[in-house]
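J.: model.cif is reproduced in full below (mmCIF, C-alpha atoms).
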data_data
#
loop_
_atom_site.label_atom_id
_atom_site.label_comp_id
_atom_site.auth_asym_id
_atom_site.auth_seq_id
_atom_site.Cartn_x
_atom_site.Cartn_y
_atom_site.Cartn_z
CA MET A 1 16.40 26.04 37.79
CA GLN A 2 15.86 22.33 37.22
CA ARG A 3 12.48 23.01 35.66
CA TYR A 4 14.12 25.51 33.28
CA SER A 5 16.66 22.89 32.26
CA ASP A 6 13.98 20.23 31.76
CA LEU A 7 11.92 22.49 29.52
CA TYR A 8 14.93 23.48 27.45
CA THR A 9 15.99 19.85 27.03
CA TYR A 10 12.48 18.80 26.00
CA THR A 11 12.31 21.61 23.44
CA ILE A 12 15.56 20.57 21.79
CA ALA A 13 14.46 16.94 21.76
CA ALA A 14 11.10 17.82 20.21
CA VAL A 15 12.67 19.84 17.40
CA TRP A 16 15.16 17.04 16.71
CA TYR A 17 12.25 14.57 16.53
CA LEU A 18 10.41 16.79 14.07
CA ASN A 19 13.41 16.61 11.79
CA SER A 20 13.99 12.86 12.10
CA HIS A 21 13.36 10.49 9.20
CA GLU A 22 9.96 9.54 10.58
CA CYS A 23 8.56 13.04 10.34
CA GLY A 24 7.33 15.37 7.66
CA ARG A 25 3.76 14.36 8.42
CA GLU A 26 1.26 16.80 9.81
CA ASN A 27 -0.34 14.48 12.35
CA THR A 28 3.03 13.39 13.74
CA LYS A 29 4.02 17.00 14.31
CA SER A 30 0.70 17.73 15.98
CA LEU A 31 1.34 14.96 18.51
CA VAL A 32 4.71 16.46 19.38
CA TYR A 33 3.20 19.94 19.76
CA LYS A 34 0.60 18.55 22.16
CA LYS A 35 3.31 16.91 24.26
CA ILE A 36 5.26 20.16 24.43
CA PHE A 37 2.27 22.18 25.57
CA LEU A 38 1.34 19.53 28.11
CA THR A 39 4.83 19.95 29.51
CA LEU A 40 4.39 23.73 29.60
CA HIS A 41 1.14 23.25 31.48
CA CYS A 42 3.07 21.49 34.25
CA PHE A 43 4.86 24.75 35.06
CA ASN A 44 2.96 27.33 37.10
CA LYS A 45 1.85 30.54 35.42
CA ASP A 46 4.29 32.69 37.38
CA TYR A 47 7.19 30.56 36.21
CA ILE A 48 6.13 30.72 32.57
CA MET A 49 5.70 34.49 32.69
CA LYS A 50 9.25 34.84 34.00
CA LYS A 51 10.54 32.78 31.12
CA THR A 52 8.92 34.61 28.21
CA ILE A 53 12.22 34.74 26.39
CA LEU A 54 12.53 30.98 26.50
CA LEU A 55 8.97 30.60 25.27
CA GLY A 56 9.68 32.93 22.37
CA ILE A 57 12.70 30.84 21.43
CA LEU A 58 10.57 27.72 21.66
CA LEU A 59 7.98 29.11 19.24
CA MET A 60 10.67 30.26 16.82
CA MET A 61 12.24 26.82 16.85
CA LEU A 62 8.89 25.14 16.21
CA CYS A 63 8.18 27.46 13.29
CA PHE A 64 11.64 26.78 11.90
CA ALA A 65 11.11 23.02 12.24
CA GLY A 66 7.73 23.33 10.53
CA THR A 67 9.32 25.22 7.64
CA ILE A 68 11.92 22.49 7.20
CA GLN A 69 9.28 19.79 7.23
CA ALA A 70 7.08 21.66 4.74
CA LYS A 71 9.95 21.33 2.24
CA GLN A 72 10.01 17.55 2.60
CA LYS A 73 7.53 16.77 -0.11
CA ALA A 74 6.56 13.24 -1.02
CA ASN A 75 7.83 13.65 -4.58
CA CYS A 76 9.54 10.24 -4.81
CA TYR A 77 8.12 6.74 -5.18
CA LEU A 78 8.15 3.41 -3.38
CA MET A 79 7.14 0.26 -5.24
CA ILE A 80 6.43 -3.00 -3.44
CA TYR A 81 6.04 -6.34 -5.20
CA PHE A 82 6.68 -10.03 -4.66
CA ALA A 83 8.72 -12.71 -6.40
CA ASP A 84 7.62 -16.24 -7.21
CA GLU A 85 11.07 -17.48 -6.22
CA ASP A 86 10.75 -16.53 -2.53
CA HIS A 87 7.13 -15.47 -1.86
CA GLY A 88 8.36 -12.47 0.12
CA ILE A 89 7.71 -8.73 -0.09
CA HIS A 90 10.26 -6.72 -2.07
CA MET A 91 10.70 -2.95 -2.34
CA ALA A 92 12.17 -0.60 -4.93
CA VAL A 93 12.56 3.18 -4.86
CA SER A 94 12.66 5.94 -7.46
CA LYS A 95 13.29 9.67 -7.31
CA ASP A 96 11.74 10.41 -10.70
CA GLY A 97 9.00 7.78 -11.14
CA TYR A 98 10.76 6.26 -14.15
CA THR A 99 13.88 4.45 -12.90
CA PHE A 100 13.49 2.08 -9.94
CA THR A 101 16.19 0.48 -7.78
CA ALA A 102 15.43 -2.55 -5.60
CA LEU A 103 16.33 -2.43 -1.91
CA ASN A 104 18.32 -5.20 -0.22
CA ASP A 105 19.80 -6.32 -3.54
CA ASN A 106 16.30 -7.45 -4.59
CA LYS A 107 16.01 -9.87 -1.69
CA PRO A 108 12.81 -9.70 0.42
CA VAL A 109 12.55 -6.89 2.95
CA ILE A 110 9.72 -8.85 4.62
CA SER A 111 9.99 -12.62 4.43
CA GLY A 112 6.74 -14.43 3.77
CA ASP A 113 7.43 -17.12 6.35
CA SER A 114 7.62 -14.46 9.08
CA VAL A 115 4.10 -13.08 8.57
CA ALA A 116 1.91 -15.69 6.81
CA GLU A 117 0.30 -18.95 7.89
CA GLN A 118 1.19 -20.54 4.54
CA ARG A 119 4.71 -19.15 5.03
CA GLY A 120 4.53 -17.11 1.85
CA VAL A 121 2.78 -13.99 0.57
CA ARG A 122 1.64 -12.66 -2.78
CA ASP A 123 -0.05 -9.52 -4.15
CA PRO A 124 1.31 -6.85 -1.74
CA PHE A 125 -0.21 -3.37 -1.59
CA ILE A 126 0.94 -0.27 0.31
CA LEU A 127 -0.18 3.27 1.06
CA ARG A 128 0.64 6.05 3.50
CA GLY A 129 -2.24 6.78 5.86
CA PRO A 130 -3.36 10.25 7.03
CA ASP A 131 -1.58 9.59 10.34
CA GLY A 132 1.76 9.26 8.56
CA MET A 133 1.94 5.51 9.11
CA TYR A 134 2.45 3.08 6.26
CA TYR A 135 -0.22 0.43 5.79
CA ALA A 136 0.26 -2.70 3.71
CA ALA A 137 -1.71 -5.83 2.90
CA ALA A 138 -0.95 -9.11 1.14
CA THR A 139 -2.38 -12.53 0.30
CA ASP A 140 -1.46 -15.35 2.69
CA LEU A 141 -0.57 -17.91 0.01
CA HIS A 142 2.44 -19.94 -1.09
CA ILE A 143 1.76 -21.65 -4.42
CA PHE A 144 5.03 -23.63 -4.35
CA ALA A 145 4.82 -24.75 -0.71
CA GLN A 146 4.85 -28.46 -1.58
CA LYS A 147 7.93 -28.08 -3.77
CA ALA A 148 9.61 -26.06 -1.01
CA GLY A 149 8.88 -28.80 1.52
CA ILE A 150 6.55 -26.61 3.57
CA ARG A 151 3.48 -28.84 3.21
CA ALA A 152 2.75 -32.32 1.96
CA THR A 153 0.01 -31.35 -0.52
CA GLN A 154 0.00 -28.95 -3.45
CA TRP A 155 -2.73 -26.82 -1.91
CA GLU A 156 -3.94 -26.15 1.60
CA ARG A 157 -7.31 -27.80 0.81
CA ASP A 158 -8.76 -30.02 -1.89
CA GLN A 159 -8.40 -28.39 -5.32
CA LYS A 160 -11.60 -29.90 -6.75
CA GLU A 161 -13.71 -28.31 -4.02
CA PHE A 162 -11.77 -25.11 -3.30
CA GLY A 163 -9.85 -24.46 -6.53
CA TRP A 164 -6.36 -23.45 -7.62
CA GLY A 165 -4.31 -21.46 -5.12
CA ASN A 166 -6.83 -21.87 -2.33
CA ASN A 167 -6.20 -20.02 0.93
CA LYS A 168 -8.06 -18.61 3.94
CA ASN A 169 -6.31 -15.48 5.20
CA LEU A 170 -5.15 -11.97 4.40
CA VAL A 171 -2.10 -10.32 5.98
CA LEU A 172 -2.26 -6.74 7.32
CA LEU A 173 0.97 -4.86 8.09
CA LYS A 174 1.73 -1.48 9.64
CA SER A 175 4.95 0.53 9.97
CA ARG A 176 6.20 4.00 10.79
CA ASP A 177 9.57 3.76 9.08
CA LEU A 178 9.10 1.11 6.31
CA ILE A 179 11.60 -1.13 8.09
CA HIS A 180 9.98 -2.31 11.31
CA TRP A 181 6.54 -3.86 10.76
CA LYS A 182 3.71 -5.13 12.90
CA HIS A 183 1.45 -7.70 11.26
CA ALA A 184 -1.82 -9.53 11.82
CA LEU A 185 -3.80 -12.23 10.03
CA VAL A 186 -7.39 -11.63 8.99
CA ARG A 187 -8.99 -15.07 8.96
CA VAL A 188 -11.72 -14.45 6.40
CA GLN A 189 -12.74 -18.11 6.24
CA THR A 190 -13.84 -18.05 9.90
CA MET A 191 -16.36 -15.24 9.32
CA LYS A 192 -20.05 -16.10 9.21
CA GLY A 193 -21.19 -16.73 5.66
CA PHE A 194 -17.64 -17.16 4.34
CA GLU A 195 -16.83 -20.60 5.69
CA ASN A 196 -16.74 -22.18 2.21
CA ILE A 197 -14.51 -19.64 0.46
CA GLY A 198 -11.85 -21.06 -1.79
CA ALA A 199 -9.75 -17.92 -1.88
CA ALA A 200 -9.18 -14.49 -0.33
CA TRP A 201 -6.71 -12.75 -2.62
CA ALA A 202 -5.11 -9.44 -3.54
CA PRO A 203 -6.14 -7.08 -0.72
CA GLN A 204 -5.88 -3.37 -1.41
CA LEU A 205 -6.48 -0.33 0.79
CA TYR A 206 -8.28 3.00 0.53
CA TRP A 207 -8.62 5.59 3.27
CA ASP A 208 -12.33 6.41 3.51
CA GLU A 209 -12.36 9.98 4.75
CA SER A 210 -16.11 9.96 5.33
CA LYS A 211 -15.80 7.07 7.78
CA LYS A 212 -12.32 7.91 9.06
CA ALA A 213 -11.42 4.28 8.49
CA MET A 214 -9.25 2.14 6.24
CA MET A 215 -11.25 0.23 3.66
CA VAL A 216 -9.83 -3.15 2.67
CA TYR A 217 -11.13 -4.50 -0.64
CA PHE A 218 -10.09 -7.83 -2.09
CA THR A 219 -11.03 -10.86 -4.19
CA ILE A 220 -13.17 -13.67 -2.82
CA ARG A 221 -13.84 -16.94 -4.57
CA ARG A 222 -16.56 -19.07 -3.04
CA GLY A 223 -15.60 -22.70 -3.32
CA ASN A 224 -14.30 -23.21 -6.84
CA GLY A 225 -16.64 -20.67 -8.42
CA ALA A 226 -16.13 -17.25 -9.99
CA CYS A 227 -14.11 -14.54 -8.23
CA LYS A 228 -15.87 -11.37 -7.08
CA LEU A 229 -14.70 -8.22 -5.32
CA TYR A 230 -15.64 -7.55 -1.69
CA TYR A 231 -14.79 -4.88 0.89
CA ALA A 232 -14.68 -4.39 4.65
CA TYR A 233 -13.28 -1.82 7.06
CA ALA A 234 -10.24 -2.43 9.25
CA ASP A 235 -10.36 -1.75 12.97
CA LYS A 236 -8.34 1.09 14.49
CA LYS A 237 -5.45 -1.23 15.35
CA PHE A 238 -5.37 -2.46 11.75
CA GLU A 239 -5.56 -6.05 12.91
CA ASN A 240 -9.00 -7.26 11.80
CA PHE A 241 -12.28 -6.25 10.17
CA THR A 242 -15.01 -4.42 12.05
CA ASP A 243 -17.69 -6.41 10.20
CA LYS A 244 -17.97 -9.18 7.64
CA PRO A 245 -17.15 -8.36 4.00
CA LYS A 246 -19.74 -6.88 1.64
CA LEU A 247 -19.99 -7.27 -2.13
CA LEU A 248 -18.25 -4.46 -4.02
CA PHE A 249 -18.47 -5.54 -7.67
CA ASP A 250 -19.55 -8.67 -9.52
CA LYS A 251 -21.29 -7.57 -12.72
CA THR A 252 -19.27 -8.69 -15.72
CA VAL A 253 -20.35 -10.49 -18.88
CA GLY A 254 -22.13 -13.62 -17.72
CA ASP A 255 -20.42 -15.08 -14.68
CA SER A 256 -16.81 -14.40 -15.67
CA THR A 257 -14.35 -13.76 -12.89
CA ALA A 258 -13.48 -10.27 -11.63
CA LEU A 259 -10.40 -10.05 -9.40
CA ASP A 260 -7.40 -7.87 -8.45
CA GLY A 261 -9.43 -4.68 -8.08
CA ASP A 262 -7.77 -1.26 -7.75
CA ILE A 263 -9.69 1.93 -6.89
CA VAL A 264 -8.48 5.46 -7.53
CA LYS A 265 -10.29 8.79 -7.35
CA GLY A 266 -9.97 10.62 -10.65
CA ASN A 267 -9.41 14.29 -11.36
CA ASP A 268 -13.18 14.56 -11.92
CA GLY A 269 -14.05 13.19 -8.47
CA LYS A 270 -15.35 9.85 -9.75
CA TYR A 271 -14.02 6.51 -8.56
CA TYR A 272 -12.32 4.28 -11.10
CA LEU A 273 -12.09 0.54 -10.45
CA HIS A 274 -9.61 -1.28 -12.67
CA TYR A 275 -9.66 -5.05 -12.35
CA ALA A 276 -8.66 -8.24 -14.13
CA GLU A 277 -11.42 -10.11 -15.96
CA TYR A 278 -10.98 -13.83 -16.59
CA ASP A 279 -13.25 -15.61 -19.03
CA GLU A 280 -12.58 -18.88 -20.89
CA GLY A 281 -8.81 -18.51 -20.78
CA PHE A 282 -8.81 -14.76 -21.44
CA SER A 283 -7.33 -12.35 -18.90
CA GLY A 284 -7.22 -8.59 -19.36
CA ILE A 285 -7.71 -5.26 -17.61
CA LYS A 286 -11.15 -3.67 -17.56
CA LEU A 287 -12.74 -0.70 -15.85
CA ALA A 288 -15.87 0.12 -13.85
CA VAL A 289 -16.86 3.60 -12.64
CA ALA A 290 -18.84 4.90 -9.67
CA ASP A 291 -19.81 8.17 -8.01
CA HIS A 292 -19.11 6.75 -4.57
CA LEU A 293 -16.23 4.73 -3.13
CA THR A 294 -18.30 1.64 -2.36
CA GLY A 295 -20.33 1.85 -5.57
CA PRO A 296 -22.43 0.92 -7.33
CA TYR A 297 -19.78 0.47 -10.04
CA LYS A 298 -20.94 0.51 -13.65
CA TYR A 299 -19.44 -2.17 -15.88
CA GLN A 300 -17.70 -1.04 -19.08
CA PRO A 301 -17.01 -3.68 -21.74
CA GLU A 302 -13.92 -2.07 -23.29
CA LEU A 303 -10.52 -3.68 -22.74
CA ILE A 304 -8.02 -1.22 -21.25
CA ASP A 305 -4.65 -2.94 -21.61
CA VAL A 306 -2.78 -3.21 -24.93
CA GLU A 307 -1.05 -6.53 -24.28
CA PRO A 308 -1.04 -9.45 -26.76
CA LYS A 309 -0.88 -11.91 -23.84
CA ALA A 310 -2.64 -12.30 -20.50
CA CYS A 311 -2.23 -9.70 -17.75
CA GLU A 312 -3.67 -9.02 -14.28
CA ALA A 313 -3.06 -7.05 -11.06
CA PRO A 314 -3.78 -3.46 -12.16
CA THR A 315 -2.64 -0.69 -9.81
CA VAL A 316 -2.87 3.06 -10.40
CA TRP A 317 -0.54 5.75 -9.02
CA LYS A 318 -0.12 9.44 -9.73
CA ARG A 319 2.93 11.35 -10.91
CA TYR A 320 3.86 14.01 -8.38
CA GLY A 321 2.80 17.56 -9.21
CA THR A 322 0.78 16.54 -12.28
CA ASP A 323 -2.73 15.35 -13.16
CA THR A 324 -1.28 12.23 -14.83
CA PHE A 325 -2.08 8.76 -13.52
CA VAL A 326 -0.05 5.66 -14.31
CA LEU A 327 -1.84 2.33 -14.71
CA THR A 328 0.56 -0.54 -14.03
CA TYR A 329 -0.28 -4.21 -14.50
CA ASP A 330 1.42 -7.60 -14.31
CA CYS A 331 2.01 -9.15 -17.75
CA PHE A 332 2.22 -12.75 -16.58
CA GLY A 333 1.40 -14.21 -20.00
CA ILE A 334 4.75 -13.25 -21.51
CA PHE A 335 8.19 -14.65 -20.73
CA PRO A 336 9.90 -13.35 -18.82
CA PRO A 337 6.96 -11.71 -17.02
CA ASN A 338 7.09 -7.94 -16.72
CA PHE A 339 5.06 -4.87 -15.77
CA GLY A 340 3.15 -2.90 -18.40
CA PHE A 341 2.49 0.85 -18.06
CA LEU A 342 -0.21 3.15 -19.43
CA GLU A 343 -0.65 6.87 -18.66
CA THR A 344 -3.98 8.71 -18.50
CA LYS A 345 -5.53 11.91 -17.19
CA ASP A 346 -9.20 11.09 -17.67
CA PHE A 347 -9.44 7.24 -17.67
CA LYS A 348 -10.91 7.46 -21.15
CA THR A 349 -7.76 7.67 -23.24
CA TYR A 350 -4.57 5.84 -22.27
CA THR A 351 -1.04 6.23 -23.63
CA ASP A 352 1.15 3.13 -23.77
CA ILE A 353 4.63 3.77 -22.33
CA GLY A 354 5.75 0.15 -22.59
CA HIS A 355 7.31 -2.20 -20.04
CA PHE A 356 10.26 -2.11 -17.71
CA ASN A 357 13.50 -1.96 -19.71
CA ASP A 358 11.94 -1.86 -23.17
CA GLU A 359 14.47 -0.69 -25.72
CA GLY A 360 14.04 3.07 -25.98
CA GLY A 361 11.33 3.01 -23.31
CA LYS A 362 10.78 5.32 -20.33
CA MET A 363 10.41 2.82 -17.49
CA LYS A 364 13.62 1.26 -16.17
CA THR A 365 14.94 -0.96 -13.40
CA THR A 366 18.57 -0.84 -12.30
CA ASN A 367 19.09 -4.09 -10.44
CA PHE A 368 16.07 -6.37 -10.74
CA SER A 369 13.69 -8.02 -13.19
CA ARG A 370 10.50 -10.10 -13.20
CA PRO A 371 8.58 -8.26 -10.45
CA LYS A 372 5.12 -9.64 -9.65
CA HIS A 373 1.87 -7.85 -8.68
CA GLY A 374 3.15 -4.47 -7.47
CA SER A 375 1.83 -1.24 -6.02
CA PHE A 376 3.20 2.27 -5.51
CA THR A 377 3.05 5.00 -2.88
CA PRO A 378 4.67 8.44 -2.65
CA ILE A 379 7.56 8.97 -0.23
CA THR A 380 10.04 11.78 0.43
CA GLU A 381 13.54 12.02 -0.97
CA LYS A 382 14.83 11.82 2.60
CA GLU A 383 13.03 8.50 3.03
CA VAL A 384 14.49 7.18 -0.22
CA ASP A 385 18.01 8.05 0.94
CA TYR A 386 17.39 6.54 4.35
CA LEU A 387 16.07 3.27 2.90
CA LEU A 388 18.97 2.98 0.45
CA LYS A 389 21.46 3.60 3.24
CA TYR A 390 19.78 1.13 5.58
CA TRP A 391 19.50 -1.74 3.11
CA ASN A 392 22.87 -1.18 1.44
CA LYS A 393 24.89 -1.12 4.66
#
As structure tokens, what does this structure read like?
T.:
Amino acid sequence: MQRYSDLYTYTIAAVWYLNSHECGRENTKSLVYKKIFLTLHCFNKDYIMKKTILLGILLMMLCFAGTIQAKQKANCYLMIYFADEDHGIHMAVSKDGYTFTALNDNKPVISGDSVAEQRGVRDPFILRGPDGMYYAAATDLHIFAQKAGIRATQWERDQKEFGWGNNKNLVLLKSRDLIHWKHALVRVQTMKGFENIGAAWAPQLYWDESKKAMMVYFTIRRGNGACKLYYAYADKKFENFTDKPKLLFDKTVGDSTALDGDIVKGNDGKYYLHYAEYDEGFSGIKLAVADHLTGPYKYQPELIDVEPKACEAPTVWKRYGTDTFVLTYDCFGIFPPNFGFLETKDFKTYTDIGHFNDEGGKMKTTNFSRPKHGSFTPITEKEVDYLLKYWNK
């Protein structure tokens, strides 16, 4: 009788877990199913045969739970960004992809001094992995550390040799619920052949299905030279690289800088790399295209953005249930700084939909302004409600 009770209790617990805020992800459900059937295996065949009614109820409950989860579509949006004022990671949510509300009253949800060696982070990026976990990455850099009394010098190392904003590390973060995070530092400067880097900036992530691994691509500046884009693969724990970085893209006009890369797979199956090109004081968004994730990427000379002033940090996200992509970038050359937005379906023609809170514009914020270097990932409406409830308590 005790075994009957144990099985019943486990079944109820499993179905509750499937409907918790962490679920709605196929791989998570699969893990629970495996645990249930392992439990069933512990009972002898004669016992299971005598309890066919219970087994039938179990299967019905699992099917019902699966139906509920299938309805939890990731049709809402999470935006993460940072602020110059605090060098922490901020989050905002939206149920329609047009109006965004900051969590925690626009205070950091992850403080930079809790995860970074320089006690500040910039350039955060986030995506949901195929295992249902959330993966994020950021630059370990605090550009106002001297002013904040964190260090005695303006930069971590000599500016003449290593350049503006020099740093050594990237930050990798991982979470199941977007609230509790594990983090690790990737010390790029300690890797063979990269000892003299002046910067490791703006890491972004892409799940490489062919390798079943998370690709991390980011900007490297050697010494005080031009910035180029590199990539490496994260280990299974998402704590370090499995090998040293490889060159992803460096062909621009002359030796001008290419940084802040963002890769998205288009509706045509090609890979589109938007990036910021710096050359003699100019900064704008350009595009390179490849047939494969790691290239080779073909340089295109056309300027993509429509801004009169400098911009950087392009990131592309897709509107749920459509074939429309949104290119977002950081307009740091205007005051106050803002995000610019373009929509496209083919990465050949782009439609300007303005900035956050433009008069008569589509894109709005409800409780924040001046976001810096953001990225977007789809989440469920249930997750939006949970995050709002958690941070507004």
J.: Nearest to Phe194 in chain A: which of A:Pro245, A:Gly165, A:Gly321, A:Gly88 is it, counting only C-alpha atoms?
T.: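 Nearest to Phe194 in chain A: A:Pro245.
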J.: Can you measure CA of Tyr233 in chain A to CA of Arg157 in chain A for me? One decimal in Å is fine.
T.: 27.4 Å
J.: Which residues are close to Asp385 in chain A, i.e. within 12 Å by all atoms listed in the file, leaving aside same-chain residues fewer than 2 positions away? Reply as a list in words.
T.: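 Here the qualifying residues turn out to be His21, Cys76, Tyr77, Leu78, Ala92, Val93, Ser94, Lys95, Thr101, Leu103, Ile379, Thr380, Glu381, Lys382, Glu383, Leu387, Leu388, Lys389, Tyr390, Trp391 and Asn392 of chain A.
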J.: Pick the closest to Leu172 in chain A from A:Val115, A:Ile110, A:Met191, A:Ile334: which is it, counting all atoms listed in the file?
T.: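 Of the candidates, the smallest distance to Leu172 in chain A is held by A:Val115.
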J.: At most 12 Å from (-18.0, 3.5, -3.4), file frame, all atoms listed in the file: which residues, as a PyMOL selection string?
T.: chain A and resi 206-211+215+217+230-232+246-249+263-265+269-273+288-298
J.: Considering only C-alpha atoms, can you say which of A:Phe82, A:Tyr350, A:Tyr134, A:Phe144 comes closest to Trp181 in chain A?
T.: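 Under the stated criterion, the closest residue is A:Tyr134.
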J.: Please determine, counting all atoms listed in the file, which residue among A:Gly284, A:Gly193, A:Gln204, A:Leu342 has the shortest atom-to-atom distance to Asp243 in chain A.
T.: A:Gly193
J.: What are the closest atom pairs, with distances in Å to one decimal, for all residues of range 194-300 of chain A lying within 10 Å of range 355-378 of chain A? Consider only C-alpha atoms, order rows by chain and residue number, and present the result as CSV.
T.:
residue,atom,partner,partner_atom,distance
A:Ala202,CA,A:His373,CA,8.8
A:Gln204,CA,A:Ser375,CA,9.2
A:Asp260,CA,A:His373,CA,9.3
A:Asp262,CA,A:Ser375,CA,9.8
J.: If we draw a sphere of 9 Å around (1.6, -15.0, -14.3), which residues have at least one atom in it when counting all atoms listed in the file? Please report them as number ranges by chain.
T.: A: 310-312, 330-334, 337, 372
J.: Can you write just those residues out, C-alpha atoms, as a PDB file, in the coordinates of the input?
T.:
ATOM      1  CA  ALA A 310      -2.640 -12.300 -20.500  1.00  0.00           C
ATOM      2  CA  CYS A 311      -2.230  -9.700 -17.750  1.00  0.00           C
ATOM      3  CA  GLU A 312      -3.670  -9.020 -14.280  1.00  0.00           C
ATOM      4  CA  ASP A 330       1.420  -7.600 -14.310  1.00  0.00           C
ATOM      5  CA  CYS A 331       2.010  -9.150 -17.750  1.00  0.00           C
ATOM      6  CA  PHE A 332       2.220 -12.750 -16.580  1.00  0.00           C
ATOM      7  CA  GLY A 333       1.400 -14.210 -20.000  1.00  0.00           C
ATOM      8  CA  ILE A 334       4.750 -13.250 -21.510  1.00  0.00           C
ATOM      9  CA  PRO A 337       6.960 -11.710 -17.020  1.00  0.00           C
ATOM     10  CA  LYS A 372       5.120  -9.640  -9.650  1.00  0.00           C
TER      11      LYS A 372
END
J.: From the options A:Lys348, A:Lys286, A:Lys73, A:Arg221, which residue's atoms come nearest to Asp268 in chain A, counting all atoms listed in the file?
T.: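 The shortest atom-to-atom distance to Asp268 in chain A comes from A:Lys348.
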J.: Would you please work out which residue, of A:Lys147, A:His87, A:His180, A:His142, is nearest to Lys168 in chain A when using all atoms listed in the file?
T.: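 Looking only at the distances to Lys168 in chain A, the closest residue turns out to be A:His142.
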J.: Hey, can you check how far CA of Lys174 in chain A sits from CA of Tyr81 in chain A?
T.: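 Between CA of Lys174 in chain A and CA of Tyr81 in chain A the gap is 16.2 Å.
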J.: Could you expand the PyMOL selection byres ((chain A and resi 89) around 9) into the explicit residues it covers here, written as a count of residues only?
T.: 20
J.: Could you state the separation of CA of Leu170 in chain A and CA of Phe241 in chain A in Å, given to one decimal place?
T.: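 Between CA of Leu170 in chain A and CA of Phe241 in chain A the gap works out to 10.8 Å.
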J.: Would you kindly return, as a list in words, each protein, DNA or RNA residue with an atom no farther than 9 Å from any atom of Glu117 in chain A, considering all atoms listed in the file and excluding same-chain residues fewer than 5 positions away?
T.: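 With the cut-off at 9 Å, the set is Gly112, Asp140, Leu141, Asn169 and Leu185 of chain A.
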J.: Please put the answer as JSON: centre and edge lengths, in Å with one decimal, of a box along x, y and z that encloses all listed atoms of range 359-376 of chain A plus 5 Å on each side.
T.:
{"center_x": 10.5, "center_y": -2.4, "center_z": -15.7, "size_x": 27.3, "size_y": 25.4, "size_z": 30.5}
J.: So which residues get picked by the PyMOL selection byres ((chain A and resi 318) around 10) here, written as a PyMOL selection string?
T.: chain A and resi 77+97+264+266+316-317+319-327+343-345+376-378
